[in-house]
$ cat data08.pdb   # PDB, C-alpha atoms and all ligand atoms
ATOM      1  CA  MET A 290     -54.712-143.860 -66.247
ATOM      2  CA  PRO A 291     -54.458-140.184 -67.225
ATOM      3  CA  VAL A 292     -53.568-137.821 -64.347
ATOM      4  CA  PHE A 293     -53.231-134.196 -65.435
ATOM      5  CA  HIS A 294     -51.419-131.707 -63.259
ATOM      6  CA  THR A 295     -52.091-128.606 -65.349
ATOM      7  CA  GLN A 296     -55.276-127.173 -66.794
ATOM      8  CA  LYS A 297     -53.572-126.891 -70.177
ATOM      9  CA  ALA A 298     -52.874-130.638 -70.303
ATOM     10  CA  LEU A 299     -56.403-131.498 -69.166
ATOM     11  CA  GLN A 300     -57.971-129.158 -71.695
ATOM     12  CA  ILE A 301     -56.219-130.854 -74.617
ATOM     13  CA  GLU A 302     -58.410-133.874 -73.750
ATOM     14  CA  THR A 303     -61.614-132.066 -72.823
ATOM     15  CA  LYS A 304     -61.452-129.823 -75.903
ATOM     16  CA  ILE A 305     -61.700-132.874 -78.161
ATOM     17  CA  ALA A 306     -64.766-134.029 -76.219
ATOM     18  CA  LEU A 307     -66.349-130.570 -76.340
ATOM     19  CA  ASN A 308     -65.734-130.279 -80.101
ATOM     20  CA  GLN A 309     -67.546-133.589 -80.546
ATOM     21  CA  SER A 310     -70.418-132.308 -78.333
ATOM     22  CA  LYS A 311     -69.765-135.093 -75.858
ATOM     23  CA  LYS A 312     -71.271-134.782 -72.395
ATOM     24  CA  ILE A 313     -68.697-134.121 -69.686
ATOM     25  CA  GLY A 314     -69.521-135.173 -66.143
ATOM     26  CA  PHE A 315     -67.487-133.549 -63.382
ATOM     27  CA  VAL A 316     -66.834-134.631 -59.796
ATOM     28  CA  PRO A 317     -64.861-132.012 -57.853
ATOM     29  CA  THR A 318     -63.154-133.308 -54.699
ATOM     30  CA  MET A 319     -60.378-132.566 -52.265
ATOM     31  CA  GLY A 320     -59.156-136.155 -52.471
ATOM     32  CA  ALA A 321     -58.864-138.763 -49.691
ATOM     33  CA  LEU A 322     -61.491-140.524 -51.739
ATOM     34  CA  HIS A 323     -64.045-142.838 -50.171
ATOM     35  CA  GLN A 324     -67.064-144.813 -51.320
ATOM     36  CA  GLY A 325     -69.192-141.655 -51.304
ATOM     37  CA  HIS A 326     -66.926-140.066 -53.931
ATOM     38  CA  LEU A 327     -66.925-143.292 -55.947
ATOM     39  CA  SER A 328     -70.725-143.262 -55.985
ATOM     40  CA  LEU A 329     -70.620-139.722 -57.482
ATOM     41  CA  LEU A 330     -68.172-140.984 -60.111
ATOM     42  CA  GLU A 331     -70.438-143.948 -60.884
ATOM     43  CA  GLU A 332     -73.374-141.621 -61.409
ATOM     44  CA  SER A 333     -71.285-139.410 -63.691
ATOM     45  CA  LEU A 334     -70.024-142.416 -65.673
ATOM     46  CA  SER A 335     -73.578-143.604 -66.258
ATOM     47  CA  GLU A 336     -74.806-140.201 -67.490
ATOM     48  CA  ASN A 337     -71.877-138.770 -69.474
ATOM     49  CA  GLU A 338     -69.440-139.809 -72.179
ATOM     50  CA  ILE A 339     -66.450-138.310 -70.348
ATOM     51  CA  THR A 340     -65.926-138.070 -66.592
ATOM     52  CA  VAL A 341     -63.455-135.655 -65.021
ATOM     53  CA  LEU A 342     -62.463-135.920 -61.359
ATOM     54  CA  SER A 343     -60.572-133.070 -59.726
ATOM     55  CA  ILE A 344     -58.448-133.627 -56.648
ATOM     56  CA  PHE A 345     -57.374-130.358 -55.095
ATOM     57  CA  VAL A 346     -57.169-129.329 -51.446
ATOM     58  CA  ASN A 347     -58.334-125.761 -51.902
ATOM     59  CA  PRO A 348     -56.512-123.477 -49.433
ATOM     60  CA  THR A 349     -58.938-120.552 -49.725
ATOM     61  CA  GLN A 350     -61.879-122.450 -48.237
ATOM     62  CA  PHE A 351     -60.065-123.292 -44.982
ATOM     63  CA  ASN A 352     -60.581-120.755 -42.228
ATOM     64  CA  ASN A 353     -58.260-122.710 -39.944
ATOM     65  CA  ALA A 354     -54.585-123.170 -40.914
ATOM     66  CA  ASP A 355     -54.245-126.317 -38.794
ATOM     67  CA  ASP A 356     -57.246-127.916 -40.487
ATOM     68  CA  LEU A 357     -55.678-127.210 -43.904
ATOM     69  CA  LYS A 358     -52.345-128.658 -42.782
ATOM     70  CA  LYS A 359     -53.963-131.809 -41.411
ATOM     71  CA  TYR A 360     -56.346-132.398 -44.307
ATOM     72  CA  PRO A 361     -55.514-135.889 -45.669
ATOM     73  CA  ARG A 362     -53.576-135.917 -48.942
ATOM     74  CA  THR A 363     -53.469-139.388 -50.480
ATOM     75  CA  LEU A 364     -53.087-138.886 -54.232
ATOM     76  CA  GLU A 365     -51.460-142.243 -55.028
ATOM     77  CA  LYS A 366     -54.108-144.179 -53.132
ATOM     78  CA  ASP A 367     -56.856-142.071 -54.733
ATOM     79  CA  VAL A 368     -55.541-142.737 -58.247
ATOM     80  CA  ALA A 369     -55.405-146.487 -57.541
ATOM     81  CA  LEU A 370     -59.024-146.463 -56.290
ATOM     82  CA  VAL A 371     -60.254-144.589 -59.342
ATOM     83  CA  LYS A 372     -58.291-146.861 -61.651
ATOM     84  CA  LYS A 373     -60.102-149.852 -60.167
ATOM     85  CA  LEU A 374     -63.450-148.196 -60.854
ATOM     86  CA  ASN A 375     -62.784-147.058 -64.418
ATOM     87  CA  LYS A 376     -59.536-146.445 -66.282
ATOM     88  CA  ASN A 377     -61.008-143.757 -68.537
ATOM     89  CA  ILE A 378     -61.764-141.215 -65.832
ATOM     90  CA  LEU A 379     -59.674-138.084 -66.402
ATOM     91  CA  ILE A 380     -58.060-136.995 -63.135
ATOM     92  CA  TYR A 381     -57.106-133.357 -62.729
ATOM     93  CA  ALA A 382     -54.770-132.944 -59.744
ATOM     94  CA  PRO A 383     -53.299-129.452 -60.009
ATOM     95  CA  CYS A 384     -50.913-127.622 -57.693
ATOM     96  CA  VAL A 385     -51.950-124.316 -56.097
ATOM     97  CA  THR A 386     -50.118-122.257 -58.766
ATOM     98  CA  ASP A 387     -51.962-123.886 -61.650
ATOM     99  CA  ILE A 388     -55.237-122.731 -60.092
ATOM    100  CA  TYR A 389     -54.371-119.441 -58.401
ATOM    101  CA  GLU A 390     -51.401-118.220 -60.494
ATOM    102  CA  GLY A 391     -49.653-116.691 -57.483
ATOM    103  CA  HIS A 392     -52.795-115.002 -56.024
ATOM    104  CA  THR A 393     -54.161-117.461 -53.505
ATOM    105  CA  ILE A 394     -57.133-115.370 -52.497
ATOM    106  CA  SER A 395     -60.908-115.720 -52.684
ATOM    107  CA  ALA A 396     -63.302-113.599 -54.649
ATOM    108  CA  SER A 397     -66.378-112.351 -52.729
ATOM    109  CA  PHE A 398     -69.745-113.853 -53.481
ATOM    110  CA  ASP A 399     -73.285-112.874 -52.641
ATOM    111  CA  TYR A 400     -75.422-115.978 -52.316
ATOM    112  CA  ASP A 401     -78.532-114.075 -51.182
ATOM    113  CA  GLY A 402     -77.871-114.862 -47.538
ATOM    114  CA  LEU A 403     -77.342-118.630 -47.865
ATOM    115  CA  GLU A 404     -73.741-117.980 -46.828
ATOM    116  CA  ASN A 405     -74.735-116.438 -43.496
ATOM    117  CA  GLN A 406     -76.258-119.591 -42.012
ATOM    118  CA  MET A 407     -74.674-122.586 -40.254
ATOM    119  CA  GLU A 408     -71.310-123.377 -41.895
ATOM    120  CA  GLY A 409     -71.037-119.782 -43.077
ATOM    121  CA  LYS A 410     -71.485-118.488 -39.507
ATOM    122  CA  HIS A 411     -68.951-120.874 -38.052
ATOM    123  CA  ARG A 412     -66.399-120.847 -40.880
ATOM    124  CA  PRO A 413     -66.008-117.229 -41.977
ATOM    125  CA  GLY A 414     -64.902-116.919 -45.604
ATOM    126  CA  HIS A 415     -65.450-120.625 -46.278
ATOM    127  CA  PHE A 416     -68.086-120.172 -48.970
ATOM    128  CA  ASP A 417     -66.128-117.422 -50.717
ATOM    129  CA  GLY A 418     -63.336-119.998 -51.021
ATOM    130  CA  VAL A 419     -65.736-122.677 -52.245
ATOM    131  CA  GLY A 420     -67.308-120.301 -54.794
ATOM    132  CA  THR A 421     -63.880-119.222 -56.008
ATOM    133  CA  ILE A 422     -62.588-122.726 -56.633
ATOM    134  CA  VAL A 423     -65.812-124.188 -58.017
ATOM    135  CA  LYS A 424     -66.211-121.281 -60.469
ATOM    136  CA  LYS A 425     -62.582-121.685 -61.581
ATOM    137  CA  LEU A 426     -62.981-125.460 -61.964
ATOM    138  CA  PHE A 427     -66.214-125.096 -63.948
ATOM    139  CA  ASP A 428     -64.384-122.694 -66.217
ATOM    140  CA  ILE A 429     -61.493-125.126 -66.717
ATOM    141  CA  VAL A 430     -63.535-128.322 -67.152
ATOM    142  CA  LYS A 431     -66.679-126.887 -68.810
ATOM    143  CA  PRO A 432     -68.831-129.771 -67.609
ATOM    144  CA  THR A 433     -72.338-130.594 -68.773
ATOM    145  CA  ASN A 434     -73.202-132.112 -65.390
ATOM    146  CA  ALA A 435     -71.490-131.618 -62.031
ATOM    147  CA  TYR A 436     -72.056-133.944 -59.071
ATOM    148  CA  PHE A 437     -72.173-132.886 -55.415
ATOM    149  CA  GLY A 438     -73.013-134.905 -52.315
ATOM    150  CA  GLU A 439     -75.877-133.886 -50.048
ATOM    151  CA  LYS A 440     -73.642-134.308 -47.007
ATOM    152  CA  ASP A 441     -72.532-130.743 -47.719
ATOM    153  CA  PHE A 442     -76.114-129.643 -48.303
ATOM    154  CA  GLN A 443     -75.447-125.958 -47.673
ATOM    155  CA  GLN A 444     -72.556-126.099 -50.154
ATOM    156  CA  LEU A 445     -74.868-127.742 -52.690
ATOM    157  CA  GLN A 446     -77.450-124.941 -52.359
ATOM    158  CA  ILE A 447     -74.706-122.324 -52.579
ATOM    159  CA  ILE A 448     -73.327-123.874 -55.764
ATOM    160  CA  ARG A 449     -76.825-123.913 -57.275
ATOM    161  CA  LYS A 450     -77.073-120.213 -56.420
ATOM    162  CA  LEU A 451     -73.605-119.520 -57.867
ATOM    163  CA  VAL A 452     -74.541-121.252 -61.112
ATOM    164  CA  ALA A 453     -77.855-119.366 -61.376
ATOM    165  CA  LYS A 454     -76.402-115.946 -60.546
ATOM    166  CA  HIS A 455     -73.390-116.283 -62.838
ATOM    167  CA  LYS A 456     -75.385-118.045 -65.554
ATOM    168  CA  ILE A 457     -72.898-120.922 -65.698
ATOM    169  CA  PRO A 458     -74.119-123.543 -68.201
ATOM    170  CA  VAL A 459     -73.907-126.654 -66.025
ATOM    171  CA  ASN A 460     -76.472-128.952 -64.414
ATOM    172  CA  VAL A 461     -75.812-129.338 -60.705
ATOM    173  CA  ILE A 462     -76.744-132.863 -59.666
ATOM    174  CA  ALA A 463     -77.328-133.712 -56.013
ATOM    175  CA  CYS A 464     -76.351-137.169 -54.785
ATOM    176  CA  GLU A 465     -77.623-138.754 -51.587
ATOM    177  CA  ILE A 466     -75.433-139.007 -48.507
ATOM    178  CA  TYR A 467     -73.371-142.176 -48.498
ATOM    179  CA  ARG A 468     -73.095-143.698 -45.027
ATOM    180  CA  GLU A 469     -70.854-146.262 -43.366
ATOM    181  CA  THR A 470     -72.776-149.301 -42.075
ATOM    182  CA  SER A 471     -72.807-147.662 -38.631
ATOM    183  CA  GLY A 472     -74.710-144.704 -40.123
ATOM    184  CA  LEU A 473     -71.763-142.300 -39.957
ATOM    185  CA  ALA A 474     -71.787-140.083 -43.063
ATOM    186  CA  MET A 475     -68.766-140.827 -45.237
ATOM    187  CA  SER A 476     -66.211-138.045 -45.132
ATOM    188  CA  SER A 477     -62.514-137.672 -45.837
ATOM    189  CA  ARG A 478     -62.214-136.371 -42.276
ATOM    190  CA  ASN A 479     -63.312-139.772 -40.905
ATOM    191  CA  GLU A 480     -59.790-140.947 -41.823
ATOM    192  CA  ARG A 481     -58.457-138.834 -38.989
ATOM    193  CA  LEU A 482     -60.680-140.423 -36.322
ATOM    194  CA  SER A 483     -59.276-143.076 -33.976
ATOM    195  CA  GLU A 484     -61.020-146.445 -34.234
ATOM    196  CA  LYS A 485     -62.823-145.694 -30.958
ATOM    197  CA  ALA A 486     -64.053-142.280 -32.092
ATOM    198  CA  ARG A 487     -65.165-143.681 -35.432
ATOM    199  CA  LYS A 488     -67.311-146.236 -33.635
ATOM    200  CA  GLU A 489     -68.711-143.630 -31.243
ATOM    201  CA  SER A 490     -69.541-141.258 -34.096
ATOM    202  CA  LYS A 491     -72.477-143.419 -35.137
ATOM    203  CA  LEU A 492     -74.227-141.455 -32.382
ATOM    204  CA  ILE A 493     -74.543-138.474 -34.738
ATOM    205  CA  TYR A 494     -76.830-140.271 -37.180
ATOM    206  CA  LYS A 495     -78.693-142.015 -34.357
ATOM    207  CA  ILE A 496     -79.587-138.632 -32.851
ATOM    208  CA  LEU A 497     -80.491-137.210 -36.268
ATOM    209  CA  LEU A 498     -82.928-140.099 -36.780
ATOM    210  CA  GLN A 499     -84.462-139.452 -33.352
ATOM    211  CA  ALA A 500     -84.723-135.752 -34.193
ATOM    212  CA  LYS A 501     -86.564-136.644 -37.393
ATOM    213  CA  ASP A 502     -89.100-138.748 -35.466
ATOM    214  CA  LYS A 503     -89.636-136.021 -32.889
ATOM    215  CA  PHE A 504     -90.074-133.317 -35.538
ATOM    216  CA  MET A 505     -93.310-135.021 -36.605
ATOM    217  CA  VAL A 506     -94.925-134.130 -33.283
ATOM    218  CA  LYS A 507     -92.756-131.433 -31.716
ATOM    219  CA  SER A 508     -91.656-127.913 -32.613
ATOM    220  CA  ALA A 509     -88.263-127.144 -34.157
ATOM    221  CA  GLN A 510     -87.185-125.486 -30.884
ATOM    222  CA  GLU A 511     -88.130-128.553 -28.823
ATOM    223  CA  VAL A 512     -86.263-130.858 -31.200
ATOM    224  CA  THR A 513     -83.205-128.591 -31.125
ATOM    225  CA  GLN A 514     -83.225-128.620 -27.326
ATOM    226  CA  PHE A 515     -83.515-132.419 -27.393
ATOM    227  CA  VAL A 516     -80.411-132.712 -29.610
ATOM    228  CA  GLU A 517     -78.461-130.276 -27.417
ATOM    229  CA  ARG A 518     -79.392-132.238 -24.283
ATOM    230  CA  GLU A 519     -78.373-135.552 -25.890
ATOM    231  CA  PHE A 520     -74.909-134.281 -26.822
ATOM    232  CA  LYS A 521     -74.384-132.865 -23.310
ATOM    233  CA  LYS A 522     -74.718-136.473 -22.061
ATOM    234  CA  HIS A 523     -71.803-137.561 -24.269
ATOM    235  CA  LYS A 524     -68.679-135.816 -23.060
ATOM    236  CA  ASN A 525     -66.491-136.928 -26.000
ATOM    237  CA  PHE A 526     -68.586-134.785 -28.327
ATOM    238  CA  THR A 527     -68.832-131.014 -28.519
ATOM    239  CA  LEU A 528     -71.876-129.878 -30.415
ATOM    240  CA  GLU A 529     -71.137-126.753 -32.457
ATOM    241  CA  TYR A 530     -74.647-126.346 -33.791
ATOM    242  CA  PHE A 531     -77.839-128.174 -34.566
ATOM    243  CA  ASP A 532     -80.227-126.210 -36.704
ATOM    244  CA  ILE A 533     -83.540-127.053 -38.315
ATOM    245  CA  ALA A 534     -83.721-124.990 -41.473
ATOM    246  CA  ASP A 535     -85.729-124.532 -44.636
ATOM    247  CA  GLU A 536     -84.011-126.447 -47.460
ATOM    248  CA  GLU A 537     -84.379-123.538 -49.909
ATOM    249  CA  THR A 538     -83.484-120.479 -47.838
ATOM    250  CA  LEU A 539     -81.512-122.292 -45.108
ATOM    251  CA  LEU A 540     -83.227-120.000 -42.602
ATOM    252  CA  THR A 541     -83.906-121.474 -39.169
ATOM    253  CA  CYS A 542     -87.410-122.853 -38.785
ATOM    254  CA  LYS A 543     -89.269-120.708 -36.249
ATOM    255  CA  ARG A 544     -92.733-122.095 -37.001
ATOM    256  CA  LYS A 545     -93.413-125.108 -39.192
ATOM    257  CA  ILE A 546     -94.991-124.274 -42.546
ATOM    258  CA  LYS A 547     -96.608-127.244 -44.306
ATOM    259  CA  SER A 548     -95.459-126.338 -47.819
ATOM    260  CA  LYS A 549     -91.789-126.117 -46.818
ATOM    261  CA  ASN A 550     -89.192-128.871 -46.653
ATOM    262  CA  TYR A 551     -86.972-128.831 -43.600
ATOM    263  CA  ARG A 552     -83.649-130.437 -42.769
ATOM    264  CA  GLY A 553     -81.752-130.920 -39.536
ATOM    265  CA  PHE A 554     -78.130-129.762 -39.865
ATOM    266  CA  ILE A 555     -75.391-130.613 -37.409
ATOM    267  CA  ALA A 556     -71.714-129.862 -36.789
ATOM    268  CA  VAL A 557     -69.984-131.673 -33.977
ATOM    269  CA  PHE A 558     -66.418-132.142 -32.753
ATOM    270  CA  ILE A 559     -64.946-135.413 -31.614
ATOM    271  CA  GLU A 560     -61.200-135.733 -30.907
ATOM    272  CA  ASN A 561     -60.948-132.150 -32.192
ATOM    273  CA  ILE A 562     -62.166-133.291 -35.607
ATOM    274  CA  ARG A 563     -65.154-131.468 -36.991
ATOM    275  CA  LEU A 564     -67.865-133.628 -38.569
ATOM    276  CA  ILE A 565     -71.000-132.390 -40.306
ATOM    277  CA  ASP A 566     -74.154-134.206 -41.309
ATOM    278  CA  ASN A 567     -77.785-133.493 -42.095
ATOM    279  CA  ILE A 568     -81.103-135.247 -42.496
ATOM    280  CA  SER A 569     -84.287-134.512 -44.391
ATOM    281  CA  LEU A 570     -87.166-134.080 -41.950
ATOM    282  CA  LYS A 571     -89.842-134.820 -44.531
TER     283      LYS A 571
HETATM  284  O1  LIG B 601     -66.867-130.622 -51.174
HETATM  285  C1  LIG B 601     -65.649-130.526 -51.407
HETATM  286  O2  LIG B 601     -64.889-131.489 -51.365
HETATM  287  C2  LIG B 601     -65.084-129.146 -51.741
HETATM  288  O3  LIG B 601     -65.720-128.146 -51.026
HETATM  289  C3  LIG B 601     -65.090-128.852 -53.252
HETATM  290  C4  LIG B 601     -66.504-128.769 -53.798
HETATM  291  C5  LIG B 601     -64.311-129.915 -53.991
HETATM  292  C6  LIG B 601     -64.415-127.507 -53.518
HETATM  293  O4  LIG B 601     -63.094-127.501 -53.077
END
$ encode --input "data08.pdb" --output "structure tokens" --more "lines below"
Ligand code: PAF
Amino acid sequence: MPVFHTQKALQIETKIALNQSKKIGFVPTMGALHQGHLSLLEESLSENEITVLSIFVNPTQFNNADDLKKYPRTLEKDVALVKKLNKNILIYAPCVTDIYEGHTISASFDYDGLENQMEGKHRPGHFDGVGTIVKKLFDIVKPTNAYFGEKDFQQLQIIRKLVAKHKIPVNVIACEIYRETSGLAMSSRNERLSEKARKESKLIYKILLQAKDKFMVKSAQEVTQFVEREFKKHKNFTLEYFDIADEETLLTCKRKIKSKNYRGFIAVFIENIRLIDNISLK
């Protein structure tokens, strides 16, 4: 199973594919792979001749040093999982120097305001870090199609904006949220939850489903207040935000407009671990 630690080594392989006009599918990740990541890989395998997976915990997108330190790093396990799925997937697992060449800093991006909502408000600099790494990775891999999960819906919209503004020739493909049987959205951070907290975290999706039902008959403000009240009843959780926003602009819904699609977005702490999720309210 090929694991490349430098862009040079990876590009020897991808160059051959590009010269033969083969389609390259790309799944960027920070590792600690789970079924959600594997479903992105499966989609890429079915639509492209070559699939590249990157595993890189990108320091510039962490606004909290402790979060970066504690982020799970499980390369050997990840490689074994991928190998079971398909031995031909090219894994790019660089070190920080291979990516940042001694300048581990973000570029600044203007995403027309998408960066000022939700995650952007609560994680200053996060989307500059995401834009920096994704742009660098696109440049290294030169994919035809790139696959992103809808769990990070704001990230997905920001990457679409990045691609449009910088005229990057790649199709950004959105993949549905992959959930555990309890309903908890799959995330590498779930690995850090105790068994008890993991069980309790099914509450997040349960409340999102209730919010969706209520949004059919109630205003966005009433639904938001409902979610806030529900989390106050559960002392193990600290709600950071719940926001009902327009899928395109990510602006908070003040008054429902029929032609718009809305989503409920949530960030919540349990055992000091920050989990995010979202649900379409269509
Ligand atoms: O979604 C992630 O895992 C990361 O934000 C990404 C896109 C791999 C960039 O580091």
$ closest_residue --input "data08.pdb" --among "A:Lys507, A:Lys440, A:Lys522, A:Arg563" --to "Leu482 in chain A" --atoms "all atoms listed in the file"
A:Arg563
$ atom_distance --input "data08.pdb" --atom1 "CA of Leu357 in chain A" --atom2 "CA of Thr393 in chain A"
13.8 Å
$ closest_residue --input "data08.pdb" --among "A:Thr363, A:Asn434, A:Ser397, A:Ser310" --to "Thr340 in chain A" --atoms "all atoms listed in the file"
A:Asn434
$ residues_around --input "data08.pdb" --residues "range 447-451 of chain A" --least-positions-apart "2" --cutoff "12 Å" --atoms "all atoms listed in the file" --output "count of residues only"
50
$ atom_distance --input "data08.pdb" --atom1 "CA of Ser343 in chain A" --atom2 "CA of Asn567 in chain A"
24.6 Å
$ residues_around --input "data08.pdb" --residues "Ile380 in chain A" --least-positions-apart "6" --cutoff "8 Å" --atoms "only C-alpha atoms" --output "mmCIF file with C-alpha atoms, in the coordinates of the input"
data_model
loop_
_atom_site.group_PDB
_atom_site.id
_atom_site.type_symbol
_atom_site.label_atom_id
_atom_site.label_comp_id
_atom_site.auth_asym_id
_atom_site.auth_seq_id
_atom_site.Cartn_x
_atom_site.Cartn_y
_atom_site.Cartn_z
ATOM 1 C CA PRO A 291 -54.458 -140.184 -67.225
ATOM 2 C CA VAL A 292 -53.568 -137.821 -64.347
ATOM 3 C CA PHE A 293 -53.231 -134.196 -65.435
ATOM 4 C CA VAL A 341 -63.455 -135.655 -65.021
ATOM 5 C CA LEU A 342 -62.463 -135.920 -61.359
ATOM 6 C CA SER A 343 -60.572 -133.070 -59.726
ATOM 7 C CA ILE A 344 -58.448 -133.627 -56.648
ATOM 8 C CA VAL A 368 -55.541 -142.737 -58.247
#
$ axis_aligned_box --input "data08.pdb" --around "ligand LIG 601 (chain B)" --padding-each-side "5 Å" --output "AutoDock Vina command-line options"
--center_x -65.0 --center_y -129.5 --center_z -52.5 --size_x 13.8 --size_y 14.0 --size_z 13.0
$ residues_around --input "data08.pdb" --residues "range 300-306 of chain A" --least-positions-apart "3" --cutoff "10 Å" --atoms "only C-alpha atoms" --output "PyMOL selection string"
chain A and resi 291+293+295-297+309-313+338-341+379+381+429-432
$ atom_distance --input "data08.pdb" --atom1 "CA of Leu374 in chain A" --atom2 "CA of Leu327 in chain A"
7.8 Å
$ resolve_selection --input "data08.pdb" --expression "the PyMOL selection byres (((chain A and resi 501) around 9) and not hetatm)" --output "list in words"
Ile496, Leu497, Leu498, Gln499, Ala500, Asp502, Lys503, Phe504, Met505, Val512, Arg552, Gly553, Ile568, Ser569, Leu570 and Lys571 of chain A
$ closest_residue --input "data08.pdb" --among "A:Leu426, A:Leu334, A:Ile546, A:Leu307" --to "ligand LIG 601 (chain B)" --atoms "all atoms listed in the file"
A:Leu426
